[in-house]
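Printed here is structure19.cif (mmCIF, C-alpha atoms):
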```
data_entry
#
loop_
_atom_site.label_atom_id
_atom_site.label_comp_id
_atom_site.auth_asym_id
_atom_site.auth_seq_id
_atom_site.Cartn_x
_atom_site.Cartn_y
_atom_site.Cartn_z
CA MET A 107 7.69 -13.58 -40.13
CA LYS A 108 10.55 -14.86 -42.33
CA ASN A 109 12.59 -17.82 -41.12
CA SER A 110 10.88 -17.76 -37.76
CA ASP A 111 10.69 -21.56 -37.92
CA ARG A 112 14.31 -21.52 -36.81
CA TYR A 113 13.23 -20.50 -33.33
CA ARG A 114 12.79 -23.25 -30.77
CA ILE A 115 10.08 -22.19 -28.34
CA ALA A 116 8.86 -24.17 -25.35
CA ILE A 117 5.46 -23.61 -23.78
CA ILE A 118 4.81 -24.88 -20.26
CA GLY A 119 1.15 -25.76 -19.79
CA ALA A 120 -1.55 -26.84 -22.27
CA GLY A 121 -4.44 -24.83 -20.88
CA PRO A 122 -6.10 -22.00 -22.82
CA ALA A 123 -3.04 -19.76 -22.38
CA GLY A 124 -0.56 -22.32 -23.66
CA LEU A 125 -2.76 -23.57 -26.50
CA SER A 126 -3.59 -20.08 -27.74
CA ALA A 127 0.11 -19.14 -27.56
CA ALA A 128 0.86 -22.20 -29.71
CA ARG A 129 -1.74 -21.04 -32.22
CA PHE A 130 -0.30 -17.51 -32.41
CA LEU A 131 3.22 -18.88 -32.83
CA GLN A 132 2.17 -21.33 -35.51
CA GLU A 133 0.52 -18.48 -37.41
CA GLN A 134 3.98 -16.87 -37.52
CA GLY A 135 5.70 -20.01 -38.79
CA VAL A 136 6.92 -21.25 -35.40
CA ARG A 137 6.08 -24.76 -34.21
CA PRO A 138 6.54 -24.74 -30.45
CA VAL A 139 6.76 -27.70 -28.11
CA VAL A 140 4.01 -27.69 -25.48
CA PHE A 141 4.76 -29.50 -22.22
CA GLU A 142 1.75 -30.61 -20.16
CA ALA A 143 2.12 -32.40 -16.84
CA ASN A 144 -1.36 -33.95 -16.95
CA ASP A 145 -2.73 -36.55 -19.33
CA ARG A 146 -5.25 -34.12 -20.82
CA ILE A 147 -5.27 -30.60 -22.22
CA GLY A 148 -7.59 -27.68 -21.52
CA GLY A 149 -6.56 -26.65 -18.02
CA LYS A 150 -9.66 -25.60 -16.09
CA SER A 151 -11.91 -26.57 -18.99
CA PHE A 152 -13.31 -29.92 -17.87
CA SER A 153 -16.39 -31.40 -19.55
CA ILE A 154 -17.87 -34.72 -18.52
CA LEU A 155 -20.61 -36.78 -20.15
CA ASN A 156 -23.32 -38.35 -18.00
CA GLY A 157 -25.66 -40.23 -20.31
CA ASP A 158 -27.03 -37.60 -22.67
CA ASN A 159 -25.97 -34.75 -20.37
CA LEU A 160 -22.80 -32.77 -20.97
CA ASN A 161 -21.73 -31.22 -17.67
CA GLU A 162 -19.16 -28.44 -17.42
CA MET A 163 -17.22 -28.66 -14.17
CA GLY A 164 -14.81 -25.85 -15.06
CA THR A 165 -14.95 -23.24 -17.82
CA CYS A 166 -18.57 -22.49 -18.68
CA TYR A 167 -19.45 -19.44 -20.73
CA THR A 168 -18.37 -17.25 -23.58
CA THR A 169 -19.10 -13.53 -23.22
CA ARG A 170 -19.31 -10.70 -25.72
CA ALA A 171 -15.54 -10.37 -25.38
CA HIS A 172 -14.84 -13.89 -26.71
CA THR A 173 -14.79 -12.81 -30.36
CA MET A 174 -11.59 -14.62 -31.30
CA ILE A 175 -12.49 -17.78 -29.37
CA LYS A 176 -15.90 -17.90 -31.03
CA GLY A 177 -14.14 -17.74 -34.40
CA TRP A 178 -11.91 -20.63 -33.42
CA MET A 179 -14.94 -22.58 -32.28
CA LYS A 180 -16.57 -22.08 -35.67
CA GLU A 181 -13.40 -23.33 -37.37
CA ASN A 182 -13.60 -26.50 -35.29
CA ALA A 183 -17.32 -27.17 -35.82
CA ILE A 184 -18.24 -26.16 -32.28
CA THR A 185 -21.70 -24.65 -32.01
CA LEU A 186 -22.82 -22.27 -29.29
CA LYS A 187 -26.10 -22.16 -27.43
CA ARG A 188 -27.28 -19.22 -25.41
CA LEU A 189 -27.40 -19.74 -21.67
CA GLY A 190 -30.93 -20.06 -20.39
CA GLU A 191 -32.54 -17.53 -18.11
CA ALA A 192 -30.50 -16.54 -15.06
CA ARG A 193 -32.06 -15.34 -11.84
CA PHE A 194 -30.52 -13.70 -8.83
CA ASP A 195 -32.41 -13.85 -5.55
CA GLY A 196 -35.43 -15.05 -7.50
CA GLN A 197 -35.55 -12.27 -10.10
CA SER A 198 -33.82 -11.47 -13.36
CA VAL A 199 -30.26 -10.21 -13.02
CA PHE A 200 -31.27 -6.97 -14.73
CA ASN A 201 -34.05 -6.33 -12.21
CA TYR A 202 -31.78 -7.27 -9.31
CA VAL A 203 -29.24 -4.68 -10.45
CA LYS A 204 -31.82 -2.04 -11.38
CA GLN A 205 -33.35 -2.05 -7.90
CA GLY A 206 -30.24 -0.48 -6.42
CA PRO A 207 -30.47 3.17 -5.33
CA GLY A 208 -28.96 6.21 -6.97
CA ALA A 209 -28.88 7.42 -10.55
CA PRO A 210 -30.47 5.41 -13.39
CA LEU A 211 -28.55 2.30 -14.42
CA PRO A 212 -27.24 3.69 -17.76
CA ILE A 213 -25.70 6.65 -15.93
CA GLN A 214 -24.04 4.41 -13.35
CA VAL A 215 -22.76 2.03 -16.05
CA THR A 216 -21.32 4.99 -17.97
CA ARG A 217 -19.61 6.29 -14.85
CA PHE A 218 -18.13 2.88 -14.09
CA ILE A 219 -16.90 2.30 -17.64
CA ARG A 220 -15.35 5.76 -17.90
CA LYS A 221 -13.54 5.57 -14.55
CA ALA A 222 -12.52 1.92 -15.03
CA GLY A 223 -11.12 2.73 -18.47
CA ALA A 224 -9.14 5.66 -17.07
CA LEU A 225 -7.64 3.47 -14.33
CA ARG A 226 -6.88 0.68 -16.80
CA ARG A 227 -5.01 3.15 -19.05
CA ALA A 228 -3.15 4.59 -16.07
CA ILE A 229 -2.02 1.12 -15.04
CA ARG A 230 -0.92 0.41 -18.61
CA ASP A 231 0.91 3.71 -19.21
CA HIS A 232 2.06 4.70 -15.71
CA PRO A 233 2.06 1.58 -13.52
CA ASP A 234 4.61 3.01 -11.08
CA ASP A 235 2.86 6.33 -10.54
CA PRO A 236 2.08 6.61 -6.79
CA ALA A 237 -1.47 7.89 -7.39
CA THR A 238 -2.16 5.03 -9.82
CA MET A 239 -0.83 2.43 -7.40
CA GLN A 240 -2.84 3.87 -4.53
CA GLU A 241 -6.10 3.85 -6.48
CA ALA A 242 -5.46 0.40 -7.92
CA SER A 243 -4.93 -1.05 -4.43
CA LEU A 244 -8.44 -0.11 -3.24
CA SER A 245 -10.89 -2.96 -2.83
CA THR A 246 -13.49 -3.17 -5.57
CA ILE A 247 -16.27 -2.35 -3.12
CA ASP A 248 -14.49 0.72 -1.70
CA TRP A 249 -13.78 2.07 -5.19
CA VAL A 250 -17.36 1.54 -6.36
CA ARG A 251 -18.74 3.21 -3.26
CA ARG A 252 -16.46 6.21 -3.72
CA LEU A 253 -18.00 6.64 -7.17
CA ASN A 254 -21.50 6.36 -5.66
CA ILE A 255 -22.69 3.72 -8.11
CA PRO A 256 -24.64 1.28 -5.88
CA LYS A 257 -26.33 -0.43 -8.82
CA ILE A 258 -22.90 -1.51 -10.05
CA GLU A 259 -22.17 -2.85 -6.58
CA LEU A 260 -25.15 -5.17 -7.02
CA ALA A 261 -24.00 -6.10 -10.52
CA MET A 262 -20.64 -7.17 -9.10
CA HIS A 263 -22.37 -9.79 -6.96
CA ARG A 264 -23.37 -11.61 -10.13
CA ILE A 265 -20.53 -10.87 -12.55
CA GLN A 266 -17.62 -11.07 -10.13
CA THR A 267 -18.21 -13.06 -6.97
CA THR A 268 -20.77 -15.59 -8.20
CA GLN A 269 -18.51 -16.26 -11.20
CA GLY A 270 -15.64 -17.09 -8.85
CA TYR A 271 -13.58 -13.94 -9.42
CA GLY A 272 -13.16 -13.00 -5.80
CA TYR A 273 -15.18 -11.17 -3.17
CA VAL A 274 -15.68 -7.49 -3.82
CA ASP A 275 -14.39 -6.66 -0.32
CA GLU A 276 -11.12 -8.50 -1.04
CA ALA A 277 -10.28 -8.17 -4.75
CA THR A 278 -8.55 -4.92 -5.72
CA ILE A 279 -10.10 -2.61 -8.27
CA GLY A 280 -6.80 -2.59 -10.17
CA GLN A 281 -7.30 -6.26 -10.91
CA THR A 282 -11.03 -5.98 -11.51
CA VAL A 283 -10.72 -3.32 -14.22
CA GLN A 284 -8.32 -5.55 -16.16
CA TRP A 285 -11.21 -7.81 -17.15
CA CYS A 286 -14.46 -6.05 -16.26
CA ASP A 287 -15.17 -3.82 -19.25
CA LEU A 288 -18.37 -2.77 -20.99
CA GLN A 289 -18.73 -5.99 -22.98
CA TYR A 290 -18.37 -8.18 -19.91
CA LEU A 291 -20.66 -5.98 -17.83
CA LEU A 292 -23.36 -6.19 -20.48
CA SER A 293 -22.86 -9.94 -20.87
CA GLY A 294 -23.55 -10.45 -17.18
CA VAL A 295 -26.37 -7.99 -16.65
CA LEU A 296 -28.19 -8.91 -19.88
CA ASN A 297 -27.37 -12.63 -19.58
CA ASP A 298 -25.77 -12.54 -23.02
CA LEU A 299 -23.71 -15.66 -22.40
CA HIS A 300 -23.22 -18.79 -24.49
CA MET A 301 -21.90 -22.31 -23.95
CA PRO A 302 -20.34 -24.70 -26.51
CA GLU A 303 -22.79 -27.49 -27.21
CA GLN A 304 -20.02 -30.06 -27.72
CA GLY A 305 -18.22 -28.95 -24.56
CA TRP A 306 -15.13 -26.91 -23.79
CA SER A 307 -12.96 -30.03 -23.55
CA THR A 308 -13.96 -31.12 -27.06
CA PHE A 309 -13.21 -27.65 -28.37
CA TRP A 310 -9.68 -27.59 -27.00
CA GLU A 311 -9.02 -31.15 -28.20
CA ARG A 312 -9.98 -30.18 -31.76
CA PHE A 313 -8.16 -26.85 -31.53
CA ALA A 314 -4.93 -28.54 -30.40
CA ARG A 315 -4.69 -31.13 -33.18
CA PRO A 316 -2.03 -29.26 -35.22
CA PHE A 317 0.27 -28.67 -32.23
CA ASP A 318 3.22 -30.60 -30.81
CA ILE A 319 1.85 -31.38 -27.34
CA ARG A 320 3.55 -33.73 -24.93
CA LEU A 321 1.10 -35.03 -22.38
CA GLY A 322 2.31 -36.41 -19.07
CA ALA A 323 5.53 -34.46 -19.58
CA ALA A 324 5.94 -32.55 -16.34
CA VAL A 325 8.73 -29.99 -16.47
CA THR A 326 10.94 -30.88 -13.53
CA GLY A 327 13.46 -28.11 -14.05
CA LEU A 328 14.19 -25.01 -16.11
CA ASP A 329 17.89 -24.13 -16.24
CA ARG A 330 18.54 -20.55 -17.31
CA SER A 331 22.15 -20.30 -16.19
CA GLY A 332 23.54 -20.61 -19.71
CA PRO A 333 23.01 -18.64 -22.92
CA GLN A 334 19.73 -20.48 -23.62
CA PRO A 335 17.05 -21.96 -21.39
CA VAL A 336 17.10 -25.73 -20.92
CA ILE A 337 13.89 -27.64 -20.15
CA HIS A 338 14.25 -30.76 -18.02
CA THR A 339 11.58 -33.45 -18.02
CA ARG A 340 11.87 -36.99 -16.70
CA GLY A 341 15.07 -38.35 -18.27
CA THR A 342 15.49 -35.67 -20.95
CA GLU A 343 16.62 -32.12 -21.39
CA GLU A 344 16.08 -29.85 -24.38
CA VAL A 345 17.54 -26.49 -25.32
CA PHE A 346 15.26 -23.69 -26.50
CA ASP A 347 15.59 -20.10 -27.61
CA ALA A 348 12.80 -18.93 -25.31
CA VAL A 349 10.18 -20.30 -22.94
CA ILE A 350 6.59 -19.25 -22.36
CA SER A 351 5.36 -20.27 -18.93
CA THR A 352 1.59 -20.33 -18.45
CA ILE A 353 1.54 -22.07 -15.08
CA PRO A 354 0.99 -20.21 -11.78
CA MET A 355 4.08 -18.29 -10.69
CA GLN A 356 4.23 -20.27 -7.45
CA LEU A 357 4.63 -23.45 -9.52
CA PHE A 358 7.13 -21.76 -11.82
CA THR A 359 9.38 -20.90 -8.89
CA ASN A 360 9.41 -24.61 -8.00
CA ILE A 361 10.96 -25.61 -11.32
CA ALA A 362 13.25 -22.64 -11.97
CA LYS A 363 15.72 -20.69 -9.89
CA ALA A 364 13.61 -17.60 -9.54
CA SER A 365 15.06 -14.14 -9.79
CA GLU A 366 14.21 -11.60 -7.11
CA LEU A 367 11.65 -10.05 -9.47
CA GLU A 368 9.99 -13.37 -10.29
CA GLN A 369 9.82 -14.32 -6.62
CA ARG A 370 8.30 -10.95 -5.77
CA VAL A 371 5.56 -11.50 -8.33
CA ALA A 372 4.88 -15.00 -6.98
CA ASP A 373 4.69 -13.70 -3.42
CA SER A 374 2.23 -10.97 -4.47
CA ILE A 375 -0.54 -13.40 -5.38
CA ASN A 376 -2.91 -15.38 -3.18
CA TRP A 377 -4.62 -18.11 -5.18
CA LYS A 378 -8.21 -18.87 -4.27
CA ASN A 379 -9.89 -22.25 -4.33
CA TYR A 380 -13.21 -22.70 -6.10
CA THR A 381 -15.20 -25.92 -5.91
CA THR A 382 -17.80 -27.06 -8.41
CA THR A 383 -20.05 -29.93 -7.39
CA LEU A 384 -22.35 -31.93 -9.64
CA ILE A 385 -25.42 -32.91 -7.62
CA ALA A 386 -28.79 -34.51 -8.21
CA SER A 387 -31.96 -33.01 -6.73
CA ASN A 388 -35.66 -33.26 -7.42
CA ASP A 389 -36.77 -30.07 -5.69
CA TRP A 390 -34.31 -27.31 -6.60
CA PHE A 391 -35.18 -24.60 -9.13
CA THR A 392 -36.92 -25.21 -12.47
CA GLY A 393 -38.05 -22.96 -15.28
CA HIS A 394 -34.67 -21.22 -15.66
CA GLN A 395 -31.08 -22.41 -16.03
CA VAL A 396 -29.03 -20.38 -13.55
CA ILE A 397 -29.57 -19.13 -10.03
CA GLY A 398 -27.42 -16.91 -7.83
CA TYR A 399 -27.61 -15.86 -4.20
CA SER A 400 -26.59 -12.45 -2.92
CA ARG A 401 -26.27 -13.87 0.59
CA ALA A 402 -23.12 -15.73 -0.39
CA SER A 403 -21.83 -13.04 -2.75
CA ARG A 404 -21.93 -9.94 -0.58
CA SER A 405 -19.18 -10.71 1.91
CA SER A 406 -16.17 -12.96 2.34
CA GLU A 407 -17.42 -13.84 5.85
CA LEU A 408 -19.64 -16.54 4.31
CA ARG A 409 -16.82 -18.39 2.54
CA GLY A 410 -18.04 -21.79 1.45
CA ALA A 411 -21.69 -20.83 1.05
CA ILE A 412 -23.40 -21.82 -2.21
CA LEU A 413 -22.88 -18.93 -4.64
CA GLY A 414 -25.35 -20.32 -7.14
CA GLY A 415 -26.20 -23.20 -9.40
CA ARG A 416 -26.73 -24.16 -13.02
CA ALA A 417 -29.23 -26.72 -14.29
CA GLU A 418 -27.42 -29.44 -16.26
CA GLY A 419 -30.06 -31.93 -17.40
CA GLU A 420 -31.64 -34.97 -15.76
CA SER A 421 -30.64 -38.53 -15.03
CA SER A 422 -32.79 -41.06 -13.18
CA ASP A 423 -29.71 -43.27 -12.82
CA LEU A 424 -27.87 -40.49 -10.97
CA GLY A 425 -30.76 -39.49 -8.75
CA GLY A 426 -32.81 -36.79 -10.44
CA ARG A 427 -32.27 -33.39 -12.02
CA LEU A 428 -28.59 -32.46 -12.34
CA TYR A 429 -27.10 -29.17 -11.16
CA VAL A 430 -23.61 -27.75 -10.79
CA THR A 431 -23.01 -25.59 -7.71
CA GLY A 432 -20.17 -23.19 -6.96
CA GLN A 433 -18.43 -22.47 -3.65
CA PHE A 434 -15.30 -20.58 -2.62
CA SER A 435 -13.41 -23.25 -0.73
CA ASP A 436 -9.99 -21.95 0.30
CA GLY A 437 -9.27 -22.81 3.91
CA LEU A 438 -12.04 -25.42 4.07
CA THR A 439 -11.60 -29.17 4.31
CA PRO A 440 -13.67 -31.47 2.05
CA ASP A 441 -15.80 -32.49 5.03
CA GLU A 442 -16.43 -28.86 6.01
CA LEU A 443 -17.30 -27.99 2.43
CA ARG A 444 -19.75 -30.86 2.18
CA GLU A 445 -21.37 -29.90 5.49
CA ILE A 446 -21.85 -26.32 4.28
CA LEU A 447 -23.22 -27.58 0.96
CA PHE A 448 -25.97 -29.62 2.62
CA ALA A 449 -26.72 -26.90 5.20
CA ASP A 450 -27.09 -24.28 2.47
CA ALA A 451 -29.31 -26.59 0.45
CA ALA A 452 -31.64 -26.86 3.45
CA LEU A 453 -31.48 -23.08 3.92
CA HIS A 454 -32.54 -22.51 0.32
CA GLY A 455 -35.28 -25.14 0.54
CA PHE A 456 -34.04 -28.03 -1.57
CA THR A 457 -32.70 -31.54 -1.00
CA ILE A 458 -29.51 -33.06 -2.38
CA ASN A 459 -30.19 -36.64 -3.45
CA ASN A 460 -26.69 -37.44 -4.64
CA VAL A 461 -23.25 -35.81 -4.80
CA ILE A 462 -21.99 -37.15 -8.12
CA LEU A 463 -18.68 -35.36 -8.61
CA GLN A 464 -16.78 -32.62 -6.83
CA LYS A 465 -13.90 -30.72 -8.40
CA THR A 466 -11.77 -28.19 -6.52
CA TRP A 467 -9.74 -25.80 -8.63
CA GLN A 468 -6.87 -23.51 -7.76
CA TYR A 469 -8.80 -20.62 -9.13
CA PHE A 470 -8.50 -16.85 -9.36
CA PRO A 471 -5.01 -15.49 -8.60
CA GLN A 472 -5.96 -12.62 -6.30
CA TYR A 473 -3.43 -9.81 -6.22
CA ARG A 474 -2.55 -8.72 -2.69
CA ALA A 475 -3.62 -5.14 -2.02
CA ASP A 476 -0.28 -4.20 -0.44
CA ALA A 477 1.58 -5.61 -3.46
CA VAL A 478 -0.59 -3.62 -5.87
CA GLY A 479 0.12 -0.51 -3.82
CA SER A 480 3.86 -1.27 -4.03
CA GLY A 481 4.10 -1.65 -7.80
CA LEU A 482 2.89 -5.13 -8.72
CA PHE A 483 1.50 -4.03 -12.09
CA GLY A 484 4.90 -2.62 -13.03
CA ASP A 485 6.54 -5.87 -11.93
CA LEU A 486 4.13 -7.91 -14.08
CA ARG A 487 5.40 -5.98 -17.07
CA ARG A 488 9.10 -5.96 -16.11
CA VAL A 489 9.23 -9.72 -15.60
CA GLN A 490 8.34 -10.41 -19.25
CA GLY A 491 11.36 -11.68 -21.19
CA HIS A 492 13.28 -12.09 -17.96
CA ASN A 493 16.07 -14.70 -18.40
CA GLY A 494 14.64 -15.83 -21.73
CA THR A 495 11.23 -16.49 -20.17
CA TRP A 496 7.88 -14.98 -20.99
CA PHE A 497 4.73 -15.35 -18.96
CA SER A 498 1.05 -15.78 -19.75
CA GLY A 499 -1.89 -17.47 -18.06
CA SER A 500 -4.37 -16.23 -15.49
CA THR A 501 -1.61 -14.96 -13.18
CA PHE A 502 -0.91 -12.28 -15.76
CA SER A 503 -4.43 -11.70 -17.07
CA HIS A 504 -7.53 -13.25 -15.53
CA GLU A 505 -9.44 -16.52 -15.44
CA LEU A 506 -11.64 -15.42 -18.35
CA VAL A 507 -10.54 -17.30 -21.46
CA SER A 508 -10.83 -14.10 -23.51
CA SER A 509 -8.39 -12.33 -21.16
CA VAL A 510 -5.97 -15.26 -21.19
CA VAL A 511 -6.00 -15.42 -25.00
CA SER A 512 -5.43 -11.67 -25.36
CA ARG A 513 -2.46 -11.87 -23.00
CA SER A 514 -0.95 -14.80 -24.89
CA GLN A 515 -1.31 -12.90 -28.15
CA ALA A 516 0.57 -9.91 -26.70
CA VAL A 517 3.26 -12.14 -25.17
CA VAL A 518 3.89 -13.96 -28.46
CA ARG A 519 4.07 -10.67 -30.36
CA ASP A 520 6.55 -9.11 -27.93
CA MET A 521 8.63 -12.29 -27.66
CA LEU A 522 9.04 -12.64 -31.42
CA VAL A 523 10.05 -8.99 -31.74
CA SER A 524 12.63 -9.52 -28.99
CA LEU A 525 13.95 -12.70 -30.60
CA LYS A 526 14.20 -11.03 -33.98
CA THR A 527 16.18 -8.18 -32.47
CA SER A 528 18.64 -10.57 -30.83
CA ARG A 529 18.62 -13.19 -33.58
CA TRP A 530 22.30 -12.78 -34.39
CA SER A 531 23.14 -14.32 -31.02
CA LEU A 532 20.94 -17.41 -31.42
CA PRO A 533 22.19 -20.72 -32.91
CA ASP A 534 20.64 -22.01 -36.11
CA HIS A 535 18.52 -25.08 -35.29
CA SER A 536 17.23 -25.59 -38.82
CA ALA A 537 20.05 -27.92 -39.88
CA ALA A 538 19.08 -30.28 -37.08
CA GLY A 539 15.46 -30.23 -38.05
CA GLY A 540 14.65 -28.12 -35.02
CA GLN A 541 15.83 -30.84 -32.63
CA ASN A 542 18.42 -30.17 -29.97
CA VAL A 543 17.95 -32.90 -27.40
CA ARG A 544 20.31 -34.25 -24.78
CA PHE A 545 19.40 -37.24 -22.63
CA ALA A 546 20.16 -37.07 -18.95
CA GLU A 547 22.58 -39.64 -17.61
#
```
File written out as structure tokens:
Amino acid sequence: MKNSDRYRIAIIGAGPAGLSAARFLQEQGVRPVVFEANDRIGGKSFSILNGDNLNEMGTCYTTRAHTMIKGWMKENAITLKRLGEARFDGQSVFNYVKQGPGAPLPIQVTRFIRKAGALRRAIRDHPDDPATMQEASLSTIDWVRRLNIPKIELAMHRIQTTQGYGYVDEATIGQTVQWCDLQYLLSGVLNDLHMPEQGWSTFWERFARPFDIRLGAAVTGLDRSGPQPVIHTRGTEEVFDAVISTIPMQLFTNIAKASELEQRVADSINWKNYTTTLIASNDWFTGHQVIGYSRASRSSELRGAILGGRAEGESSDLGGRLYVTGQFSDGLTPDELREILFADAALHGFTINNVILQKTWQYFPQYRADAVGSGLFGDLRRVQGHNGTWFSGSTFSHELVSSVVSRSQAVVRDMLVSLKTSRWSLPDHSAAGGQNVRFAE
């Protein structure tokens, strides 16, 4: 895009959404400023090194849908290793799913993919159609049962709930079909998943080297009352032509005077909490890398129960074989969560020698069913470009990195088209070297 370097773009948040948006902008000749409140980048990607063991406490896998991310990893000398064998209730995921009643698995998969694709297109093309909104507001489990595809219901235990993407009796099908397509379904059922050998944190650090990222620069205010948005950080304010916010909408409404539409979107989302715990044990599972439990995945009534675990190496200094567990933790105190963790370990027949690290994430922005039925998907589209602000991140896509990246790509494309259309009204920053900074008194 010619002369696009004259645009001044701010990105709030240096997680996968913000970093990928910076990449897409830079490819078009724009060098954005990325503001990150924390002292590290990567968002929910959080890799830690314990001796020779690299432990992922946040983002874990790439799926078949991560084509672009895998290309970026190759550019940055990140190598992938296939996830080891995964078992669910003691058997392969494929066998767990196949044991469900009804038509053969290929027929049920085809039915799911066809109907999910139709609903996804309806949401895209006719988000305010009453029939579309009504169908989209059904819970995932109700929608699957209406289609009479019980094998897919079992598959959802592994590929949705155990992965931290909500309980099937709570998450709406309108949200589920946004990310659960054929490639993801096959990735989960066939265990066609990979992990970066050098860690997700290392990947994002290498990926972000060309970008202008300001760590520890929390945005304290976003003023959109004038002709251009103004970003306030501690002691400074800067004028931009447009802003891309990748933080949760609830946080966005804390730093900006939200419009009625923006506030409605924020109020339509209930964020879940997901806790990953690095433990040491000498008597949990061996011989495979991942385990999942349907007991914890079938119903939201067992919130806090261990959804599963992943083998992460061994350390005698830390107390034995290392594992990372996952638990939905919203509404639970740390003490309650720990009590459930140890009780579930005893239930499943293993002993926890040491709790090494526990990390609780604000994870999975679950769309409220009543909001979906009242036009949330239309609002998610209408809010883009609102008051010079564009939105990406998991609020507008999903926790999957591939979904976040795809959304950022679309946002950058649409924003640049909009800026080009209105370019005559924008000031020329090029004479000032792209800097337009005022210091607060």
**Report entry** Neighbour residues at most 10 Å from (-28.6, -20.5, -6.7) (all atoms listed in the file) as a list in words
**Finding:**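 Those residues lying close to the given coordinates are Ala192, Arg193, Phe194, Asp195, Gly196, Thr268, Trp390, Phe391, Gln395, Val396, Ile397, Gly398, Tyr399, Ser400, Ala402, Ile412, Leu413, Gly414, Gly415, Arg416, Ala417, Tyr429, Val430, Thr431, Gly432, Ala451 and His454 of chain A.
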Would you output that residue set with C-alpha atoms, as a PDB file, keeping the file's coordinate frame?
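The resulting file, selection-v9.pdb, is reproduced below:
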```pdb
ATOM      1  CA  ALA A 192     -30.500 -16.540 -15.060  1.00  0.00           C
ATOM      2  CA  ARG A 193     -32.060 -15.340 -11.840  1.00  0.00           C
ATOM      3  CA  PHE A 194     -30.520 -13.700  -8.830  1.00  0.00           C
ATOM      4  CA  ASP A 195     -32.410 -13.850  -5.550  1.00  0.00           C
ATOM      5  CA  GLY A 196     -35.430 -15.050  -7.500  1.00  0.00           C
ATOM      6  CA  THR A 268     -20.770 -15.590  -8.200  1.00  0.00           C
ATOM      7  CA  TRP A 390     -34.310 -27.310  -6.600  1.00  0.00           C
ATOM      8  CA  PHE A 391     -35.180 -24.600  -9.130  1.00  0.00           C
ATOM      9  CA  GLN A 395     -31.080 -22.410 -16.030  1.00  0.00           C
ATOM     10  CA  VAL A 396     -29.030 -20.380 -13.550  1.00  0.00           C
ATOM     11  CA  ILE A 397     -29.570 -19.130 -10.030  1.00  0.00           C
ATOM     12  CA  GLY A 398     -27.420 -16.910  -7.830  1.00  0.00           C
ATOM     13  CA  TYR A 399     -27.610 -15.860  -4.200  1.00  0.00           C
ATOM     14  CA  SER A 400     -26.590 -12.450  -2.920  1.00  0.00           C
ATOM     15  CA  ALA A 402     -23.120 -15.730  -0.390  1.00  0.00           C
ATOM     16  CA  ILE A 412     -23.400 -21.820  -2.210  1.00  0.00           C
ATOM     17  CA  LEU A 413     -22.880 -18.930  -4.640  1.00  0.00           C
ATOM     18  CA  GLY A 414     -25.350 -20.320  -7.140  1.00  0.00           C
ATOM     19  CA  GLY A 415     -26.200 -23.200  -9.400  1.00  0.00           C
ATOM     20  CA  ARG A 416     -26.730 -24.160 -13.020  1.00  0.00           C
ATOM     21  CA  ALA A 417     -29.230 -26.720 -14.290  1.00  0.00           C
ATOM     22  CA  TYR A 429     -27.100 -29.170 -11.160  1.00  0.00           C
ATOM     23  CA  VAL A 430     -23.610 -27.750 -10.790  1.00  0.00           C
ATOM     24  CA  THR A 431     -23.010 -25.590  -7.710  1.00  0.00           C
ATOM     25  CA  GLY A 432     -20.170 -23.190  -6.960  1.00  0.00           C
ATOM     26  CA  ALA A 451     -29.310 -26.590   0.450  1.00  0.00           C
ATOM     27  CA  HIS A 454     -32.540 -22.510   0.320  1.00  0.00           C
TER      28      HIS A 454
END
```
Report task. State, in Å with one decimal place, the distance from atom CA of A:Gly294 to atom CA of A:Ala171. Result -> 11.5 Å
Query - Residues matched by the PyMOL selection byres ((chain A and resi 297) around 9) as a ChimeraX atom specification - result: /A:188-192,199-200,292-296,298-300
Using the file's own x, y and z axes, what box holds all listed atoms of stretch 496-513 of chain A with 6 Å on each side, keeping edges along x, y and z, and what are its centre and edge lengths in Å to one decimal, as lines of an AutoDock Vina configuration file?
```
center_x = -1.9
center_y = -14.6
center_z = -19.3
size_x = 31.5
size_y = 17.8
size_z = 24.2
```
Report task. Please write as an NGL selection string the full residue list that the PyMOL selection byres ((chain A and resi 328) around 6) yields on this file. Result -> :A and (327 or 329 or 336-337 or 361-362)
Could the residues in this selection be written to a file with C-alpha atoms, as a PDB file, keeping the file's coordinate frame?
```
ATOM      1  CA  GLY A 327      13.460 -28.110 -14.050  1.00  0.00           C
ATOM      2  CA  ASP A 329      17.890 -24.130 -16.240  1.00  0.00           C
ATOM      3  CA  VAL A 336      17.100 -25.730 -20.920  1.00  0.00           C
ATOM      4  CA  ILE A 337      13.890 -27.640 -20.150  1.00  0.00           C
ATOM      5  CA  ILE A 361      10.960 -25.610 -11.320  1.00  0.00           C
ATOM      6  CA  ALA A 362      13.250 -22.640 -11.970  1.00  0.00           C
TER       7      ALA A 362
END
```
Report task. Between atom CA of A:Leu463 and atom CA of A:Pro122, measure the distance and give it in Å to one decimal. Result -> 23.2 Å
Report summary line: Closest of A:Ser365, A:Asn156, A:Gln214, A:Thr352 to A:Val517, counting only C-alpha atoms, is A:Thr352
Report task. Report as a ChimeraX atom specification the full result of the PyMOL selection byres ((chain A and resi 304-314) around 9) when it is applied to this structure. Result -> /A:120-122,125-126,128-129,146-148,151-154,160-162,164-166,178-179,181-186,301-303,315-319
Requested in this report: Counting all atoms listed in the file, find the residues whose atoms lie at most 12 Å from (-4.2, -4.5, 5.0) (file coordinates) and write them out as a VMD selection string.
Outcome: chain A and resid 243 to 245 275 to 276 278 474 to 479
Report task. For atom CA of A:Ser406 and atom CA of A:Gly437, determine how far apart the two atoms are, in Å to one decimal place. Result ->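 It comes out at 12.1 Å.
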